[in-house]
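Visitor: My structure is below; once you've seen it, I'll send some questions.
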Amino acid sequence: MAGATTALPGTQAAAVRAATSEGLVVRAALTFIALLYLGLFLVLPLVAVFAQALEKGLGPYFAALAEPDAVSAIKLTLITAGIAVPLNMIFGLAASWAIAKFDFYGKGLIVSLIDLPFSVSPVISGLIYVLLFGLQGLLGPWLAEHDIQIIFAVPGLVLATIFVTFPFVARELIPLMEQQGTEEEEAALLLGASGLTTFWKVTLPNVKWALLYGVILCNARAMGEFGAVSVVSGHIRGETNTIPLHVEILYNEYNFVAAFACASLLAFLAIITLILKSLVEWKTARKLAVTDRTTGETA
């Protein structure tokens, strides 16, 4: 708004600023409500997690994290995210490129299917995989005959995590790539570049920050997912428990220090994600500002 008003004459710009700005009392009240809300529902729970985790000192805290079942849960969480996030990144890039750069029949249906995990409960998605790959499921007898186990094993956790997280990358890239259009790619192709070269030299650099932003969100959700993986995991200690499932078991056993110690890892991940997200947003805004300034100078 500030950039738009600077292009107007003095009296008109002042009128626009007066019409779109609020008084000091309103701004202070809105700021207070926002800070109070964030403090009560975001900062206070995070502080409580770390306070409970460190209630008995650093010794019990690190002992809880070094316990074999906790180590197994941490490893399994990293493995699950390490498989799901790269696959979702590849899918998100491919789907976004196809949807934003090409016209074809059924595009709207694909966009709706990408949004499906946002509207389906994670528990329901886990049950779907049980119905497909469980022992009594559609493919269960064939899998059992070939000694392949998906439900109550790592493959089931990976599939459930992929399902609940695959919109994150695509949903960040599709609006941006649609806004960018196809002019730069068409120019590169006319100059003799191959399709792969055009992707690496033109398309990917233009979406790299949005791609990183989507990967960060996808990774955070993959590591913190509970509902879907809870259904397909079987809660087998040391084998199919990720960190959220391990925290639930410890809490139900009244082992509060260990539960909050493991929960603090997820809280720490949330803080790191917030920092990276802010950094990416800052870099994206800076790039857009440079682009707008360059476009204005050219015009």
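Each chain in the structure tokens gets a letter, A, B and so on, in the order shown; residues start at 1 in every chain, and ligands are counted from 1 in the order they appear.
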I'd like the neighbourhood of range 124-137 of chain A as a ChimeraX atom specification, where a residue qualifies if any of its atoms comes within 12 Å (using only C-alpha atoms), though same-chain residues fewer than 3 positions away should be ignored.
Guide: /A:116-121,140-145,147-153,155-165,225-234
Visitor: When you count only C-alpha atoms, which of these residues is closest to Ile236 in chain A: A:Ala63, A:Leu109, A:Val169, A:Val154?
Guide: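 Looking only at the distances to Ile236 in chain A, the closest residue turns out to be A:Val154.
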Visitor: Step one, run DSSP on the backbone; step two, keep only residues of range 44-283 of chain A assigned to helix (DSSP H, G or I); then write them as a ChimeraX atom specification.
Guide: /A:44-53,58-66,68-101,107-114,116-119,122-133,140-145,154-165,167-180,183-190,195-224,227-233,243-252,256-283
Visitor: I'd like the interatomic distance between CA of Val280 in chain A and CA of Ala261 in chain A, to a tenth of an Å.
Guide: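 One can read the CA of Val280 in chain A to CA of Ala261 in chain A distance as 28.8 Å.
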Visitor: Identify which of the residues A:Thr197, A:Pro167, A:Phe32, A:Val247 lies closest to Leu265 in chain A, counting only C-alpha atoms when measuring atom-to-atom distances.
Guide: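 Closest to Leu265 in chain A, using only C-alpha atoms: A:Val247.
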Visitor: When you look at Ala210 in chain A with a cut-off of 8 Å (counting only C-alpha atoms), what residues show up, excluding the ones that are within fewer than 5 positions of it in the same chain? I need them as a list in words.
Guide: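 Using only C-alpha atoms, the neighbours found are Glu172, Leu173, Leu176, Val280 and Thr284 of chain A.
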Visitor: Keeping N, CA, C and O atoms for every residue in the selection just given, could you write it to a file as a compact mmCIF listing (two decimals), in the first residue's frame?
Guide:
# COMPACT_ATOMS: atom_id res chain seq x y z
N GLU A 172 2.68 -24.84 -2.38
CA GLU A 172 3.52 -23.64 -2.37
C GLU A 172 3.95 -23.26 -3.78
O GLU A 172 4.12 -22.08 -4.09
N LEU A 173 4.15 -24.26 -4.65
CA LEU A 173 4.71 -23.99 -5.97
C LEU A 173 3.66 -23.62 -7.01
O LEU A 173 3.92 -22.80 -7.90
N LEU A 176 2.70 -19.83 -7.38
CA LEU A 176 3.87 -19.06 -7.83
C LEU A 176 4.18 -19.32 -9.30
O LEU A 176 4.41 -18.38 -10.07
N VAL A 280 13.35 -17.83 4.96
CA VAL A 280 12.93 -18.03 3.58
C VAL A 280 11.96 -16.94 3.15
O VAL A 280 12.04 -16.42 2.02
N THR A 284 12.52 -14.41 0.12
CA THR A 284 11.54 -14.32 -0.96
C THR A 284 11.07 -12.88 -1.15
O THR A 284 10.96 -12.38 -2.28
Visitor: Could you list, as a list in words, every residue within 8 Å of Leu78 in chain A, counting only C-alpha atoms and ignoring same-chain residues fewer than 4 positions away?
Guide: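 The contact residues come out as Ile74, Gly82 and Met223 of chain A.
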Visitor: Generate a file of the selected residues that holds C-alpha atoms, formatted as a tab-separated table (two decimals), in the first residue's frame.
Guide:
chain	number	residue	atom	x	y	z
A	74	ILE	CA	14.07	-40.80	16.89
A	82	GLY	CA	13.93	-38.78	5.12
A	223	MET	CA	8.12	-35.52	11.92
Visitor: What lies within 12 Å of Lys101 in chain A using only C-alpha atoms, ignoring chain neighbours under 5 positions off, as a short mmCIF file (atom, residue, chain, number, x, y, z; two decimals) with N, CA, C and O atoms, in the first residue's frame?
Guide:
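Saved file out-v2.cif follows:
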data_model
loop_
_atom_site.label_atom_id
_atom_site.label_comp_id
_atom_site.auth_asym_id
_atom_site.auth_seq_id
_atom_site.Cartn_x
_atom_site.Cartn_y
_atom_site.Cartn_z
N LEU A 93 7.22 -30.81 -7.37
CA LEU A 93 7.82 -30.14 -8.53
C LEU A 93 7.16 -30.59 -9.83
O LEU A 93 6.79 -29.77 -10.68
N ALA A 94 7.02 -31.91 -9.98
CA ALA A 94 6.45 -32.44 -11.22
C ALA A 94 4.99 -32.00 -11.38
O ALA A 94 4.58 -31.54 -12.46
N ALA A 95 4.20 -32.13 -10.32
CA ALA A 95 2.79 -31.75 -10.40
C ALA A 95 2.62 -30.26 -10.65
O ALA A 95 1.78 -29.85 -11.47
N SER A 96 3.42 -29.46 -9.98
CA SER A 96 3.31 -28.00 -10.15
C SER A 96 3.71 -27.59 -11.56
O SER A 96 3.07 -26.72 -12.16
N LYS A 107 -7.11 -31.10 -15.39
CA LYS A 107 -6.21 -30.36 -14.50
C LYS A 107 -6.91 -30.02 -13.18
O LYS A 107 -6.32 -30.13 -12.10
N LEU A 173 4.15 -24.26 -4.65
CA LEU A 173 4.71 -23.99 -5.97
C LEU A 173 3.66 -23.62 -7.01
O LEU A 173 3.92 -22.80 -7.90
N ILE A 174 2.48 -24.24 -6.96
CA ILE A 174 1.48 -24.04 -8.02
C ILE A 174 1.10 -22.56 -8.20
O ILE A 174 1.17 -22.04 -9.33
N PRO A 175 0.70 -21.82 -7.14
CA PRO A 175 0.33 -20.41 -7.36
C PRO A 175 1.50 -19.58 -7.90
O PRO A 175 1.31 -18.73 -8.76
N LEU A 176 2.70 -19.83 -7.38
CA LEU A 176 3.87 -19.06 -7.83
C LEU A 176 4.18 -19.32 -9.30
O LEU A 176 4.41 -18.38 -10.07
N MET A 177 4.18 -20.59 -9.70
CA MET A 177 4.50 -20.92 -11.10
C MET A 177 3.41 -20.43 -12.05
O MET A 177 3.70 -20.04 -13.18
N GLU A 178 2.15 -20.46 -11.60
CA GLU A 178 1.08 -19.90 -12.44
C GLU A 178 1.25 -18.40 -12.60
O GLU A 178 1.01 -17.85 -13.68
N GLN A 179 1.66 -17.72 -11.54
CA GLN A 179 1.87 -16.27 -11.61
C GLN A 179 3.05 -15.94 -12.52
O GLN A 179 3.01 -14.93 -13.23
N GLN A 180 4.09 -16.76 -12.50
CA GLN A 180 5.27 -16.48 -13.32
C GLN A 180 5.01 -16.69 -14.81
O GLN A 180 5.70 -16.09 -15.64
N GLY A 181 4.04 -17.54 -15.15
CA GLY A 181 3.74 -17.78 -16.56
C GLY A 181 4.80 -18.64 -17.25
O GLY A 181 5.63 -19.28 -16.59
N THR A 182 4.77 -18.64 -18.57
CA THR A 182 5.66 -19.51 -19.34
C THR A 182 6.58 -18.73 -20.27
O THR A 182 7.27 -19.34 -21.10
N GLU A 183 6.61 -17.41 -20.17
CA GLU A 183 7.39 -16.61 -21.12
C GLU A 183 8.88 -16.95 -21.07
O GLU A 183 9.53 -17.10 -22.12
N GLU A 184 9.45 -17.06 -19.87
CA GLU A 184 10.88 -17.32 -19.76
C GLU A 184 11.24 -18.70 -20.30
O GLU A 184 12.27 -18.87 -20.97
N GLU A 185 10.40 -19.71 -20.02
CA GLU A 185 10.67 -21.05 -20.54
C GLU A 185 10.58 -21.06 -22.07
O GLU A 185 11.41 -21.68 -22.75
N GLU A 186 9.57 -20.37 -22.61
CA GLU A 186 9.41 -20.32 -24.07
C GLU A 186 10.60 -19.62 -24.73
O GLU A 186 11.08 -20.05 -25.78
N PHE A 199 14.54 -26.42 -17.43
CA PHE A 199 14.08 -26.65 -16.06
C PHE A 199 15.15 -26.25 -15.04
O PHE A 199 14.88 -25.53 -14.07
N THR A 203 13.41 -22.60 -14.75
CA THR A 203 12.26 -22.87 -13.86
C THR A 203 12.69 -23.02 -12.40
O THR A 203 12.14 -22.35 -11.51
#
